[in-house]
file entry15.tsv (TSV, C-alpha atoms and all ligand atoms)
chain	number	residue	atom	x	y	z
A	278	MET	CA	91.57	155.17	115.58
A	279	THR	CA	91.92	153.31	118.91
A	280	GLU	CA	94.84	150.93	118.92
A	281	THR	CA	94.45	149.99	122.60
A	282	PRO	CA	93.18	146.43	123.17
A	283	LEU	CA	89.60	146.31	124.45
A	284	ILE	CA	88.48	143.85	127.12
A	285	VAL	CA	84.75	143.36	127.53
A	286	ASP	CA	84.27	141.98	131.07
A	287	ALA	CA	85.25	142.88	134.59
A	288	GLY	CA	84.67	139.33	135.80
A	289	PRO	CA	87.69	137.17	136.69
A	290	THR	CA	88.61	136.51	133.04
A	291	GLY	CA	88.62	140.13	131.89
A	292	LEU	CA	90.30	141.49	135.01
A	293	SER	CA	93.06	138.88	134.67
A	294	ALA	CA	93.49	139.64	130.98
A	295	ALA	CA	93.94	143.36	131.71
A	296	LEU	CA	96.44	142.52	134.44
A	297	PHE	CA	98.44	140.05	132.34
A	298	LEU	CA	98.55	142.53	129.44
A	299	ARG	CA	99.72	145.30	131.77
A	300	GLU	CA	102.46	143.03	133.12
A	301	ARG	CA	103.66	142.71	129.53
A	302	GLY	CA	103.66	146.49	129.10
A	303	ILE	CA	100.35	146.77	127.24
A	304	PRO	CA	97.65	148.94	128.83
A	305	ALA	CA	94.16	147.83	127.85
A	306	ARG	CA	90.76	149.45	128.10
A	307	ILE	CA	88.40	147.32	130.22
A	308	ILE	CA	84.63	147.89	130.22
A	309	ASP	CA	81.72	146.22	131.99
A	310	ALA	CA	78.00	146.84	131.60
A	311	ALA	CA	77.37	146.28	135.31
A	312	LEU	CA	77.56	149.37	137.52
A	313	GLU	CA	78.85	147.37	140.49
A	314	PRO	CA	80.85	144.15	140.86
A	315	SER	CA	78.87	141.03	141.84
A	316	VAL	CA	78.84	140.35	145.57
A	317	HIS	CA	78.14	136.62	145.21
A	318	SER	CA	80.61	133.89	146.12
A	319	LYS	CA	80.06	131.92	142.83
A	320	ALA	CA	83.37	130.19	141.90
A	321	LEU	CA	85.07	129.24	145.16
A	322	GLY	CA	87.97	127.05	144.06
A	323	VAL	CA	91.16	128.81	142.94
A	324	ASN	CA	93.35	126.08	141.55
A	325	ALA	CA	97.12	125.60	141.48
A	326	ARG	CA	97.41	126.70	137.85
A	327	THR	CA	95.71	130.03	138.57
A	328	LEU	CA	97.92	130.62	141.62
A	329	GLU	CA	100.99	129.92	139.48
A	330	LEU	CA	99.86	132.26	136.66
A	331	LEU	CA	99.03	135.14	139.01
A	332	GLU	CA	102.14	134.72	141.18
A	333	SER	CA	104.28	137.44	139.58
A	334	THR	CA	101.42	139.98	139.83
A	335	GLY	CA	101.26	139.73	143.63
A	336	VAL	CA	97.60	138.64	143.48
A	337	THR	CA	98.46	135.07	144.49
A	338	GLU	CA	100.03	136.27	147.71
A	339	ALA	CA	96.95	138.42	148.45
A	340	MET	CA	94.63	135.50	147.67
A	341	LEU	CA	96.59	133.16	149.94
A	342	ALA	CA	96.28	135.69	152.77
A	343	GLN	CA	92.47	135.78	152.38
A	344	GLY	CA	91.55	132.21	151.42
A	345	GLN	CA	91.62	128.80	152.97
A	346	ILE	CA	93.80	125.98	151.67
A	347	THR	CA	92.26	122.58	151.08
A	348	ARG	CA	94.37	119.50	150.37
A	349	THR	CA	91.69	116.82	150.41
A	350	MET	CA	88.20	116.01	149.08
A	351	ASN	CA	85.83	113.51	150.66
A	352	LEU	CA	83.34	111.14	149.04
A	353	TRP	CA	80.45	109.79	151.10
A	354	ARG	CA	77.37	107.66	150.94
A	355	PRO	CA	74.74	109.01	153.40
A	356	ASP	CA	75.82	106.63	156.16
A	357	ARG	CA	79.60	106.35	155.68
A	358	LYS	CA	82.71	107.92	154.20
A	359	LEU	CA	83.93	106.10	151.08
A	360	ALA	CA	87.22	107.85	150.36
A	361	THR	CA	89.40	110.86	151.02
A	362	ILE	CA	91.25	112.05	147.92
A	363	ASN	CA	94.61	113.66	148.62
A	364	LEU	CA	95.33	116.66	146.36
A	365	GLY	CA	98.87	117.12	147.70
A	366	GLY	CA	101.81	114.93	146.75
A	367	ILE	CA	102.40	116.75	143.47
A	368	ASP	CA	105.57	118.58	142.49
A	369	HIS	CA	104.21	122.13	142.31
A	370	PRO	CA	104.64	125.31	144.40
A	371	TYR	CA	100.88	125.30	145.16
A	372	PRO	CA	99.89	121.64	145.65
A	373	PHE	CA	96.38	122.46	146.87
A	374	MET	CA	93.10	124.21	146.07
A	375	LEU	CA	92.50	127.62	147.60
A	376	ILE	CA	88.94	128.34	148.70
A	377	LEU	CA	88.06	131.98	148.17
A	378	SER	CA	84.82	133.72	147.23
A	379	GLN	CA	84.79	134.89	143.60
A	380	ALA	CA	83.73	138.35	144.81
A	381	GLU	CA	86.96	138.48	146.84
A	382	SER	CA	89.10	137.22	143.93
A	383	GLU	CA	87.59	139.92	141.70
A	384	ARG	CA	88.25	142.57	144.36
A	385	LEU	CA	91.93	141.58	144.60
A	386	LEU	CA	92.33	141.58	140.80
A	387	THR	CA	90.65	145.01	140.57
A	388	GLU	CA	92.99	146.39	143.27
A	389	ALA	CA	96.03	145.02	141.42
A	390	LEU	CA	94.84	146.82	138.28
A	391	ALA	CA	94.23	150.06	140.18
A	392	GLU	CA	97.81	149.89	141.51
A	393	ARG	CA	98.86	149.84	137.85
A	394	ASN	CA	96.61	152.82	136.99
A	395	ILE	CA	94.00	150.76	135.17
A	396	THR	CA	90.39	151.43	136.14
A	397	VAL	CA	87.42	149.37	135.04
A	398	GLU	CA	84.91	151.50	133.11
A	399	ARG	CA	81.62	150.41	134.69
A	400	GLY	CA	78.17	151.00	133.26
A	401	VAL	CA	79.69	150.82	129.77
A	402	GLU	CA	78.13	148.19	127.53
A	403	LEU	CA	79.35	146.94	124.19
A	404	THR	CA	76.26	147.20	121.97
A	405	ASP	CA	77.72	146.30	118.57
A	406	ILE	CA	80.87	144.81	117.05
A	407	ASN	CA	82.01	144.14	113.50
A	408	ALA	CA	85.29	142.52	112.56
A	409	GLY	CA	86.86	141.69	109.22
A	410	ASP	CA	89.72	142.47	106.86
A	411	SER	CA	89.32	146.20	107.46
A	412	GLY	CA	89.64	145.88	111.21
A	413	ILE	CA	87.36	145.92	114.23
A	414	ALA	CA	84.58	148.44	114.88
A	415	VAL	CA	82.89	148.56	118.28
A	416	THR	CA	79.97	150.65	119.47
A	417	LEU	CA	79.44	151.33	123.16
A	418	SER	CA	76.21	152.21	125.00
A	419	SER	CA	77.54	155.76	125.42
A	420	GLY	CA	77.45	156.12	121.63
A	421	GLU	CA	81.25	156.09	121.45
A	422	THR	CA	82.74	154.11	118.56
A	423	LEU	CA	86.15	152.43	118.77
A	424	THR	CA	88.53	150.64	116.47
A	425	PRO	CA	90.60	148.54	118.90
A	426	SER	CA	93.57	146.53	117.67
A	427	VAL	CA	92.26	143.42	119.39
A	428	VAL	CA	89.19	142.55	121.48
A	429	LEU	CA	88.75	140.01	124.25
A	430	GLY	CA	85.07	139.12	124.52
A	431	ALA	CA	84.81	137.63	127.99
A	432	ASP	CA	81.30	138.92	128.52
A	433	GLY	CA	79.83	135.78	130.06
A	434	ALA	CA	77.70	132.86	128.93
A	435	HIS	CA	75.23	135.11	127.05
A	436	SER	CA	78.09	136.99	125.37
A	437	THR	CA	77.03	139.88	123.12
A	438	VAL	CA	80.41	139.69	121.36
A	439	ARG	CA	79.90	136.02	120.47
A	440	LYS	CA	76.28	136.43	119.38
A	441	THR	CA	76.81	139.67	117.41
A	442	LEU	CA	79.63	138.08	115.44
A	443	GLY	CA	77.35	135.11	114.66
A	444	ARG	CA	79.53	132.57	116.44
A	445	GLY	CA	77.73	129.43	117.58
A	446	PHE	CA	77.80	127.91	121.06
A	447	PRO	CA	77.09	124.23	120.41
A	448	GLY	CA	76.66	121.69	123.19
A	449	SER	CA	73.94	120.46	125.47
A	450	SER	CA	72.16	121.27	128.72
A	451	TYR	CA	70.94	119.03	131.52
A	452	PRO	CA	67.16	119.25	131.90
A	453	GLU	CA	67.19	119.22	135.70
A	454	PRO	CA	67.76	122.31	137.85
A	455	TRP	CA	70.52	122.37	140.47
A	456	TYR	CA	70.04	124.08	143.78
A	457	LEU	CA	72.78	126.22	145.31
A	458	CYS	CA	73.00	128.07	148.61
A	459	ASP	CA	75.56	129.59	150.94
A	460	ALA	CA	74.44	128.71	154.47
A	461	ARG	CA	75.66	128.89	158.05
A	462	LEU	CA	76.16	125.36	159.36
A	463	THR	CA	76.70	123.67	162.65
A	464	THR	CA	78.44	120.51	161.54
A	465	THR	CA	80.82	117.75	162.41
A	466	LEU	CA	82.13	117.74	158.80
A	467	ASP	CA	85.83	118.60	158.48
A	468	PRO	CA	85.73	122.37	157.68
A	469	THR	CA	89.01	122.29	155.75
A	470	SER	CA	87.76	120.04	152.99
A	471	PRO	CA	84.83	119.68	150.53
A	472	HIS	CA	82.42	116.75	150.99
A	473	ALA	CA	80.36	115.05	148.26
A	474	PHE	CA	77.50	112.83	149.42
A	475	LEU	CA	76.32	110.36	146.78
A	476	LEU	CA	72.57	109.98	147.40
A	477	ASP	CA	70.40	107.42	145.61
A	478	GLU	CA	68.92	110.01	143.22
A	479	GLY	CA	71.83	112.43	142.88
A	480	ALA	CA	74.25	114.22	145.17
A	481	LEU	CA	74.60	116.78	147.93
A	482	LEU	CA	77.88	118.70	148.01
A	483	PHE	CA	79.26	120.75	150.90
A	484	PHE	CA	82.07	123.22	150.24
A	485	PRO	CA	83.51	125.21	153.18
A	486	ILE	CA	83.76	128.96	152.45
A	487	LYS	CA	84.89	130.68	155.65
A	488	GLY	CA	84.11	130.14	159.33
A	489	ASP	CA	80.68	128.51	159.58
A	490	LEU	CA	79.68	129.55	156.04
A	491	TRP	CA	79.37	126.67	153.56
A	492	ARG	CA	78.30	126.33	149.90
A	493	ILE	CA	75.77	123.56	149.35
A	494	PHE	CA	74.72	122.40	145.93
A	495	SER	CA	72.56	119.54	144.85
A	496	ASN	CA	70.33	118.08	142.16
A	497	VAL	CA	67.90	116.23	144.45
A	498	ALA	CA	64.45	117.41	145.52
A	499	ASP	CA	64.33	119.15	148.89
A	500	PRO	CA	68.15	118.96	149.23
A	501	LEU	CA	68.51	120.46	152.70
A	502	SER	CA	66.40	117.66	154.18
A	503	HIS	CA	69.23	115.28	153.18
A	504	ALA	CA	71.85	117.00	155.37
A	505	PRO	CA	73.96	114.32	157.04
A	506	ALA	CA	73.71	113.44	160.72
A	507	GLY	CA	75.64	115.98	162.79
A	508	THR	CA	74.86	118.87	160.41
A	509	THR	CA	72.26	121.56	161.12
A	510	ILE	CA	71.51	124.21	158.52
A	511	GLY	CA	71.26	127.74	159.93
A	512	THR	CA	70.85	131.07	158.13
A	513	ILE	CA	70.87	130.92	154.34
A	514	GLU	CA	72.91	133.88	153.07
A	515	TRP	CA	72.31	133.34	149.34
A	516	GLU	CA	70.42	130.79	147.29
A	517	SER	CA	69.83	130.20	143.62
A	518	ASP	CA	68.70	127.59	141.09
A	519	PHE	CA	70.75	127.08	138.00
A	520	GLY	CA	71.17	124.70	135.07
A	521	PHE	CA	74.34	123.02	133.87
A	522	SER	CA	75.31	123.15	130.21
A	523	HIS	CA	78.41	121.94	128.40
A	524	ARG	CA	79.21	124.19	125.46
A	525	VAL	CA	82.24	125.52	123.55
A	526	ALA	CA	82.08	128.41	121.05
A	527	ASP	CA	82.53	127.22	117.47
A	528	THR	CA	85.03	130.02	116.79
A	529	LEU	CA	87.26	131.11	119.66
A	530	CYS	CA	89.28	133.67	117.75
A	531	ALA	CA	89.08	135.27	114.32
A	532	ASP	CA	89.78	138.74	112.91
A	533	ASN	CA	91.56	139.67	116.17
A	534	VAL	CA	88.43	139.12	118.30
A	535	CYS	CA	88.93	136.32	120.84
A	536	LEU	CA	86.46	134.79	123.23
A	537	ALA	CA	87.44	133.72	126.73
A	538	GLY	CA	85.92	132.55	130.00
A	539	ASP	CA	82.21	131.74	130.10
A	540	ALA	CA	81.73	133.48	126.74
A	541	ALA	CA	83.91	130.75	125.20
A	542	HIS	CA	83.04	127.71	127.33
A	543	ILE	CA	80.60	126.68	130.02
A	544	HIS	CA	80.35	123.50	132.01
A	545	SER	CA	79.26	122.18	135.38
A	546	ALA	CA	80.95	123.31	138.59
A	547	VAL	CA	82.33	119.80	139.25
A	548	GLY	CA	86.11	120.10	139.46
A	549	ALA	CA	85.97	123.89	139.94
A	550	ARG	CA	87.48	124.45	136.50
A	551	GLY	CA	85.28	127.31	135.13
A	552	MET	CA	86.79	130.49	136.52
A	553	ASN	CA	90.27	128.96	136.47
A	554	LEU	CA	90.02	128.04	132.79
A	555	GLY	CA	88.94	131.62	132.03
A	556	ILE	CA	91.98	133.01	133.85
A	557	GLU	CA	94.17	130.65	131.83
A	558	ASP	CA	92.50	131.89	128.60
A	559	ALA	CA	93.36	135.41	129.76
A	560	TYR	CA	97.01	134.50	130.31
A	561	VAL	CA	97.36	132.92	126.87
A	562	PHE	CA	95.54	135.86	125.24
A	563	ALA	CA	97.92	138.39	126.85
A	564	ALA	CA	101.03	136.40	125.91
A	565	LEU	CA	99.92	136.09	122.30
A	566	VAL	CA	98.99	139.79	122.01
A	567	ALA	CA	102.42	140.70	123.39
A	568	GLU	CA	104.12	138.38	120.91
A	569	ASN	CA	101.96	139.67	118.06
A	570	ARG	CA	100.61	136.20	117.27
A	571	ILE	CA	96.99	136.33	118.36
A	572	ALA	CA	96.07	134.12	115.39
A	573	ASP	CA	97.49	131.19	117.41
A	574	TYR	CA	94.84	131.58	120.13
A	575	GLU	CA	92.33	129.29	118.43
A	576	ALA	CA	94.81	126.45	117.92
A	577	LEU	CA	96.29	126.75	121.41
A	578	ARG	CA	93.04	127.02	123.39
A	579	ARG	CA	90.62	124.77	121.52
A	580	PRO	CA	92.17	121.39	122.45
A	581	VAL	CA	92.58	122.44	126.11
A	582	ILE	CA	89.06	123.84	126.42
A	583	GLU	CA	87.40	120.93	124.62
A	584	SER	CA	89.26	118.41	126.75
A	585	VAL	CA	88.32	120.18	130.01
A	586	VAL	CA	84.65	120.52	129.03
A	587	LYS	CA	84.53	116.84	128.00
A	588	THR	CA	86.14	115.57	131.20
A	589	VAL	CA	84.01	117.84	133.41
A	590	ALA	CA	80.85	116.53	131.68
A	591	ARG	CA	82.04	112.96	132.28
A	592	ALA	CA	82.94	113.63	135.94
A	593	THR	CA	79.56	115.31	136.55
A	594	GLU	CA	77.79	112.02	135.81
A	595	LEU	CA	78.98	110.59	139.15
A	596	PRO	CA	77.20	113.14	141.39
A	597	ARG	CA	74.36	113.53	138.89
A	598	GLY	CA	73.58	109.82	139.19
A	599	HIS	CA	71.81	109.28	135.85
A	600	THR	CA	74.15	106.84	134.10
A	601	MET	CA	74.25	103.09	134.65
A	602	MET	CA	77.82	103.33	135.98
A	603	SER	CA	76.93	106.03	138.52
A	604	LYS	CA	74.00	103.88	139.74
A	605	ILE	CA	76.26	100.82	140.09
A	606	VAL	CA	78.76	102.86	142.13
A	607	ARG	CA	75.96	103.76	144.56
A	608	ARG	CA	74.96	100.09	144.90
A	609	VAL	CA	78.53	98.85	145.39
A	610	PRO	CA	80.19	101.63	147.42
A	611	SER	CA	83.17	99.44	148.22
A	612	ALA	CA	84.11	99.79	144.52
A	613	ILE	CA	84.63	103.54	144.89
A	614	ALA	CA	86.46	103.11	148.19
A	615	TRP	CA	88.84	100.76	146.34
A	616	LEU	CA	89.11	102.81	143.16
A	617	ALA	CA	89.47	106.39	144.52
A	618	PRO	CA	93.01	106.06	145.93
A	619	LYS	CA	94.15	104.33	142.72
A	620	ALA	CA	92.74	107.19	140.62
A	621	GLU	CA	94.33	109.93	142.76
A	622	HIS	CA	97.19	110.43	140.29
A	623	ILE	CA	94.61	111.32	137.61
A	624	ILE	CA	92.15	113.28	139.80
A	625	ARG	CA	94.88	115.41	141.45
A	626	PRO	CA	96.35	117.18	138.37
A	627	TRP	CA	92.86	117.44	136.86
A	628	VAL	CA	91.37	119.25	139.87
A	629	LEU	CA	94.47	121.46	140.24
A	630	GLY	CA	94.36	122.45	136.54
A	631	LEU	CA	97.77	120.89	135.92
A	632	ASP	CA	96.60	118.24	133.45
A	633	HIS	CA	97.90	120.04	130.34
A	634	GLU	CA	100.53	122.45	129.04
A	635	ILE	CA	99.29	125.93	128.16
A	636	GLY	CA	101.73	126.43	125.30
A	637	VAL	CA	103.02	129.96	126.06
A	638	ASP	CA	105.60	131.36	128.45
B	701	LIG	C1	75.31	130.95	140.66
B	701	LIG	C2	76.68	130.63	140.11
B	701	LIG	C3	77.50	129.75	140.79
B	701	LIG	C4	78.73	129.41	140.28
B	701	LIG	N1	79.51	128.54	140.97
B	701	LIG	C5	80.70	128.20	140.47
B	701	LIG	C6	81.55	127.31	141.17
B	701	LIG	O1	81.20	126.82	142.24
B	701	LIG	N2	82.76	126.98	140.62
B	701	LIG	C7	83.16	127.53	139.40
B	701	LIG	O2	84.27	127.23	138.92
B	701	LIG	N3	82.39	128.37	138.74
B	701	LIG	C8	81.18	128.72	139.24
B	701	LIG	N4	80.41	129.59	138.57
B	701	LIG	C9	80.89	130.07	137.27
B	701	LIG	C10	81.84	131.24	137.43
B	701	LIG	O3	81.19	132.21	138.22
B	701	LIG	C11	82.19	131.71	136.04
B	701	LIG	O4	82.93	130.67	135.41
B	701	LIG	C12	83.00	133.00	136.04
B	701	LIG	O5	82.27	134.06	136.60
B	701	LIG	C13	83.35	133.35	134.60
B	701	LIG	O6	83.99	134.58	134.59
B	701	LIG	P1	83.96	135.49	133.31
B	701	LIG	O7	84.79	136.66	133.66
B	701	LIG	O8	84.35	134.67	132.12
B	701	LIG	O9	82.45	135.89	133.08
B	701	LIG	P2	81.39	136.55	134.05
B	701	LIG	O10	81.81	136.43	135.46
B	701	LIG	O11	80.07	136.01	133.64
B	701	LIG	O12	81.45	138.09	133.70
B	701	LIG	C14	80.93	138.61	132.52
B	701	LIG	C15	80.87	140.11	132.67
B	701	LIG	O13	80.61	140.69	131.40
B	701	LIG	C16	79.74	141.79	131.58
B	701	LIG	N5	79.03	141.98	130.33
B	701	LIG	C17	78.11	141.16	129.75
B	701	LIG	N6	77.74	141.66	128.57
B	701	LIG	C18	78.40	142.82	128.40
B	701	LIG	C19	78.44	143.79	127.37
B	701	LIG	N7	77.69	143.67	126.24
B	701	LIG	N8	79.24	144.88	127.52
B	701	LIG	C20	80.00	145.02	128.63
B	701	LIG	N9	80.01	144.12	129.64
B	701	LIG	C21	79.23	143.04	129.51
B	701	LIG	C22	78.82	141.38	132.73
B	701	LIG	O14	78.30	142.51	133.39
B	701	LIG	C23	79.78	140.57	133.62
B	701	LIG	O15	80.35	141.37	134.63
B	701	LIG	C24	79.17	129.96	139.06
B	701	LIG	C25	78.35	130.86	138.38
B	701	LIG	C26	77.12	131.21	138.90
B	701	LIG	C27	76.26	132.20	138.15
call {"tool": "encode", "arguments": {"input": "entry15.tsv", "output": "structure tokens", "more": "lines below"}}
Ligand SMILES: Cc1cc2nc3c(=O)[nH]c(=O)nc-3n(C[C@H](O)[C@H](O)[C@H](O)COP(=O)(O)OP(=O)(O)OC[C@H]3O[C@@H](n4cnc5c(N)ncnc54)[C@H](O)[C@@H]3O)c2cc1C
result
Amino acid sequence: MTETPLIVDAGPTGLSAALFLRERGIPARIIDAALEPSVHSKALGVNARTLELLESTGVTEAMLAQGQITRTMNLWRPDRKLATINLGGIDHPYPFMLILSQAESERLLTEALAERNITVERGVELTDINAGDSGIAVTLSSGETLTPSVVLGADGAHSTVRKTLGRGFPGSSYPEPWYLCDARLTTTLDPTSPHAFLLDEGALLFFPIKGDLWRIFSNVADPLSHAPAGTTIGTIEWESDFGFSHRVADTLCADNVCLAGDAAHIHSAVGARGMNLGIEDAYVFAALVAENRIADYEALRRPVIESVVKTVARATELPRGHTMMSKIVRRVPSAIAWLAPKAEHIIRPWVLGLDHEIGVD
């Protein structure tokens, strides 16, 4: 009989869950099928809510020492800037977005766990799970069987936990591929702030990472040929094609098995909510386990997750450029220049992850 909670995932969601549980005096077992952590930058935006949740663990301080603070976002047409959105001016200890490679965030979370004598078991895959009135039974790739008191399945978009338990992942996917790269740039763009260029057929987004390294992502053909005047693309450090989907698991938690992070919800990168929402899932999961009320996870997380996925899908239509409204905005750019400052009070808490209560202490 294994009473220890089991966390399946050493990505940002699972690492945070193990840390939050430990902070509440509950050591968890954390496994990951991958032998090594990912080295890719992936999610770059650490929002105010995440910084607030991780503050007491010391990870926020470590993240702030490594990352770069951004307080603004810029919207452009190819030939002119339309608006600068100010993320500050909000009553919060962290009124900004921190730009930090996901690989670095994961490293800092792993170190914080190690300081608390919790080590990720790597190369250990969950191969089977059953859950019901008689409890949870898990089989690992090593052949070991466990009966954990509670399981957090945060094992990514293709989650084995979700699929094995027969939970659906309804939603939709965009047909078009998006291009992503991390590249060295020589540029006149402000390196302390992201820049979104609304092109006729889509968008080209520039996100500063560190020094001359920038993330570029786009849904137009031959995206790098659309680099703005004053920007020269140098060495490409990493590139990838990916698709955007908007999906939420049809059951987030039942029989003491909860889903979190990309296993529970996926959406486009617009707004940088993905990793941050997973870390928030982890916080709520840990609080509910500690208070012995994990059954509340579904009711607490579903409205938040569904609202975020819905608003991200809506916001993605502007850069994507497929809807009538997003085409009109491109034809009448003065409209966005006029509207953006007036919408700052909505955009700001949304981007910083402060647009809702999380419902636990
Ligand atoms: C190319 C790319 C770019 C991205 N860019 C952004 C971005 O700009 N902004 C943003 O917010 N988000 C971005 N994301 C999404 C972000 O990376 C995810 O939201 C985040 O990684 C989710 O973390 P997670 O811990 O929930 O899951 P994951 O990071 O997917 O981790 C899942 C882990 O589970 C492990 N696992 C899987 N199955 C099993 C099993 N059966 N047993 C044991 N372990 C298992 C895997 O090895 C993996 O380590 C990007 C993702 C990709 C792939």
call {"tool": "residues_near_point", "arguments": {"input": "entry15.tsv", "point": "(76.0, 127.1, 152.5)", "cutoff": "6 Å", "atoms": "all atoms listed in the file", "output": "count of residues only"}}
result
8
call {"tool": "residues_near_ligand", "arguments": {"input": "entry15.tsv", "ligand": "ligand LIG 701 (chain B)", "cutoff": "6 Å", "atoms": "only C-alpha atoms and all ligand atoms", "output": "ChimeraX atom specification"}}
result
/A:285-291,308-311,319-321,401-404,431-433,436-437,538-539,546,549-552,555
call {"tool": "write_last_selection", "arguments": {"input": "entry15.tsv", "atoms": "C-alpha atoms", "output": "short mmCIF file (atom, residue, chain, number, x, y, z; two decimals), in the frame of the given file"}}
result
data_model
loop_
_atom_site.label_atom_id
_atom_site.label_comp_id
_atom_site.auth_asym_id
_atom_site.auth_seq_id
_atom_site.Cartn_x
_atom_site.Cartn_y
_atom_site.Cartn_z
CA VAL A 285 84.75 143.36 127.53
CA ASP A 286 84.27 141.98 131.07
CA ALA A 287 85.25 142.88 134.59
CA GLY A 288 84.67 139.33 135.80
CA PRO A 289 87.69 137.17 136.69
CA THR A 290 88.61 136.51 133.04
CA GLY A 291 88.62 140.13 131.89
CA ILE A 308 84.63 147.89 130.22
CA ASP A 309 81.72 146.22 131.99
CA ALA A 310 78.00 146.84 131.60
CA ALA A 311 77.37 146.28 135.31
CA LYS A 319 80.06 131.92 142.83
CA ALA A 320 83.37 130.19 141.90
CA LEU A 321 85.07 129.24 145.16
CA VAL A 401 79.69 150.82 129.77
CA GLU A 402 78.13 148.19 127.53
CA LEU A 403 79.35 146.94 124.19
CA THR A 404 76.26 147.20 121.97
CA ALA A 431 84.81 137.63 127.99
CA ASP A 432 81.30 138.92 128.52
CA GLY A 433 79.83 135.78 130.06
CA SER A 436 78.09 136.99 125.37
CA THR A 437 77.03 139.88 123.12
CA GLY A 538 85.92 132.55 130.00
CA ASP A 539 82.21 131.74 130.10
CA ALA A 546 80.95 123.31 138.59
CA ALA A 549 85.97 123.89 139.94
CA ARG A 550 87.48 124.45 136.50
CA GLY A 551 85.28 127.31 135.13
CA MET A 552 86.79 130.49 136.52
CA GLY A 555 88.94 131.62 132.03
#
call {"tool": "atom_distance", "arguments": {"input": "entry15.tsv", "atom1": "atom CA of A:Pro618", "atom2": "atom CA of A:Val606"}}
result
15.1 Å
call {"tool": "closest_residue", "arguments": {"input": "entry15.tsv", "among": "A:Leu283, A:Ala473, A:Met350, A:Leu577", "to": "A:Leu417", "atoms": "only C-alpha atoms"}}
result
A:Leu283
call {"tool": "closest_residue", "arguments": {"input": "entry15.tsv", "among": "A:Gly365, A:Pro355, A:Pro468, A:Pro282", "to": "A:Ser426", "atoms": "only C-alpha atoms"}}
result
A:Pro282
call {"tool": "atom_distance", "arguments": {"input": "entry15.tsv", "atom1": "atom CA of A:Ala564", "atom2": "atom CA of A:Pro425"}}
result
17.5 Å
call {"tool": "atom_distance", "arguments": {"input": "entry15.tsv", "atom1": "atom CA of A:Gln379", "atom2": "atom CA of A:Ser318"}}
result
5.0 Å
call {"tool": "residues_around", "arguments": {"input": "entry15.tsv", "residues": "A:Val637", "least_positions_apart": "6", "cutoff": "12 Å", "atoms": "all atoms listed in the file", "output": "JSON, numbers by chain"}}
result
{"A": [330, 557, 558, 559, 560, 561, 562, 563, 564, 565, 566, 567, 568, 570, 571, 573, 574, 577, 578]}
call {"tool": "write_last_selection", "arguments": {"input": "entry15.tsv", "atoms": "C-alpha atoms", "output": "JSON list (two decimals), in the coordinates of the input"}}
result
[["chain", "number", "residue", "atom", "x", "y", "z"],
["A", 330, "LEU", "CA", 99.86, 132.26, 136.66],
["A", 557, "GLU", "CA", 94.17, 130.65, 131.83],
["A", 558, "ASP", "CA", 92.50, 131.89, 128.60],
["A", 559, "ALA", "CA", 93.36, 135.41, 129.76],
["A", 560, "TYR", "CA", 97.01, 134.50, 130.31],
["A", 561, "VAL", "CA", 97.36, 132.92, 126.87],
["A", 562, "PHE", "CA", 95.54, 135.86, 125.24],
["A", 563, "ALA", "CA", 97.92, 138.39, 126.85],
["A", 564, "ALA", "CA", 101.03, 136.40, 125.91],
["A", 565, "LEU", "CA", 99.92, 136.09, 122.30],
["A", 566, "VAL", "CA", 98.99, 139.79, 122.01],
["A", 567, "ALA", "CA", 102.42, 140.70, 123.39],
["A", 568, "GLU", "CA", 104.12, 138.38, 120.91],
["A", 570, "ARG", "CA", 100.61, 136.20, 117.27],
["A", 571, "ILE", "CA", 96.99, 136.33, 118.36],
["A", 573, "ASP", "CA", 97.49, 131.19, 117.41],
["A", 574, "TYR", "CA", 94.84, 131.58, 120.13],
["A", 577, "LEU", "CA", 96.29, 126.75, 121.41],
["A", 578, "ARG", "CA", 93.04, 127.02, 123.39]]
call {"tool": "closest_residue", "arguments": {"input": "entry15.tsv", "among": "A:Leu296, A:Ile395, A:Leu390, A:Leu364", "to": "A:Gly630", "atoms": "all atoms listed in the file"}}
result
A:Leu364
call {"tool": "residues_near_point", "arguments": {"input": "entry15.tsv", "point": "(89.7, 124.5, 116.9)", "cutoff": "10 Å", "atoms": "all atoms listed in the file", "output": "MDAnalysis selection string"}}
result
chainID A and resid 526:530 574:583
call {"tool": "closest_residue", "arguments": {"input": "entry15.tsv", "among": "A:Thr600, A:Asn394, A:Asn569, A:Ser419", "to": "A:Gly479", "atoms": "all atoms listed in the file"}}
result
A:Thr600
call {"tool": "closest_residue", "arguments": {"input": "entry15.tsv", "among": "A:Gly322, A:Glu621, A:Pro596, A:Ser611", "to": "A:Pro485", "atoms": "only C-alpha atoms"}}
result
A:Gly322
call {"tool": "closest_residue", "arguments": {"input": "entry15.tsv", "among": "A:Asp532, A:Glu453, A:Glu313, A:Glu594", "to": "A:Asp410", "atoms": "only C-alpha atoms"}}
result
A:Asp532
call {"tool": "closest_atom_pairs", "arguments": {"input": "entry15.tsv", "of": "stretch 437-458 of chain A", "to": "stretch 499-508 of chain A", "cutoff": "12 Å", "atoms": "all atoms listed in the file", "output": "CSV"}}
result
residue,atom,partner,partner_atom,distance
A:Pro454,CA,A:Pro500,CA,11.9
A:Trp455,CA,A:Pro500,CA,9.7
A:Tyr456,CA,A:Pro500,CA,7.7
A:Leu457,CA,A:Pro500,CA,9.5
A:Cys458,CA,A:Leu501,CA,9.7
call {"tool": "write_last_selection", "arguments": {"input": "entry15.tsv", "atoms": "C-alpha atoms", "output": "short mmCIF file (atom, residue, chain, number, x, y, z; two decimals), keeping the file's coordinate frame"}}
result
data_model
loop_
_atom_site.label_atom_id
_atom_site.label_comp_id
_atom_site.auth_asym_id
_atom_site.auth_seq_id
_atom_site.Cartn_x
_atom_site.Cartn_y
_atom_site.Cartn_z
CA PRO A 454 67.76 122.31 137.85
CA TRP A 455 70.52 122.37 140.47
CA TYR A 456 70.04 124.08 143.78
CA LEU A 457 72.78 126.22 145.31
CA CYS A 458 73.00 128.07 148.61
#
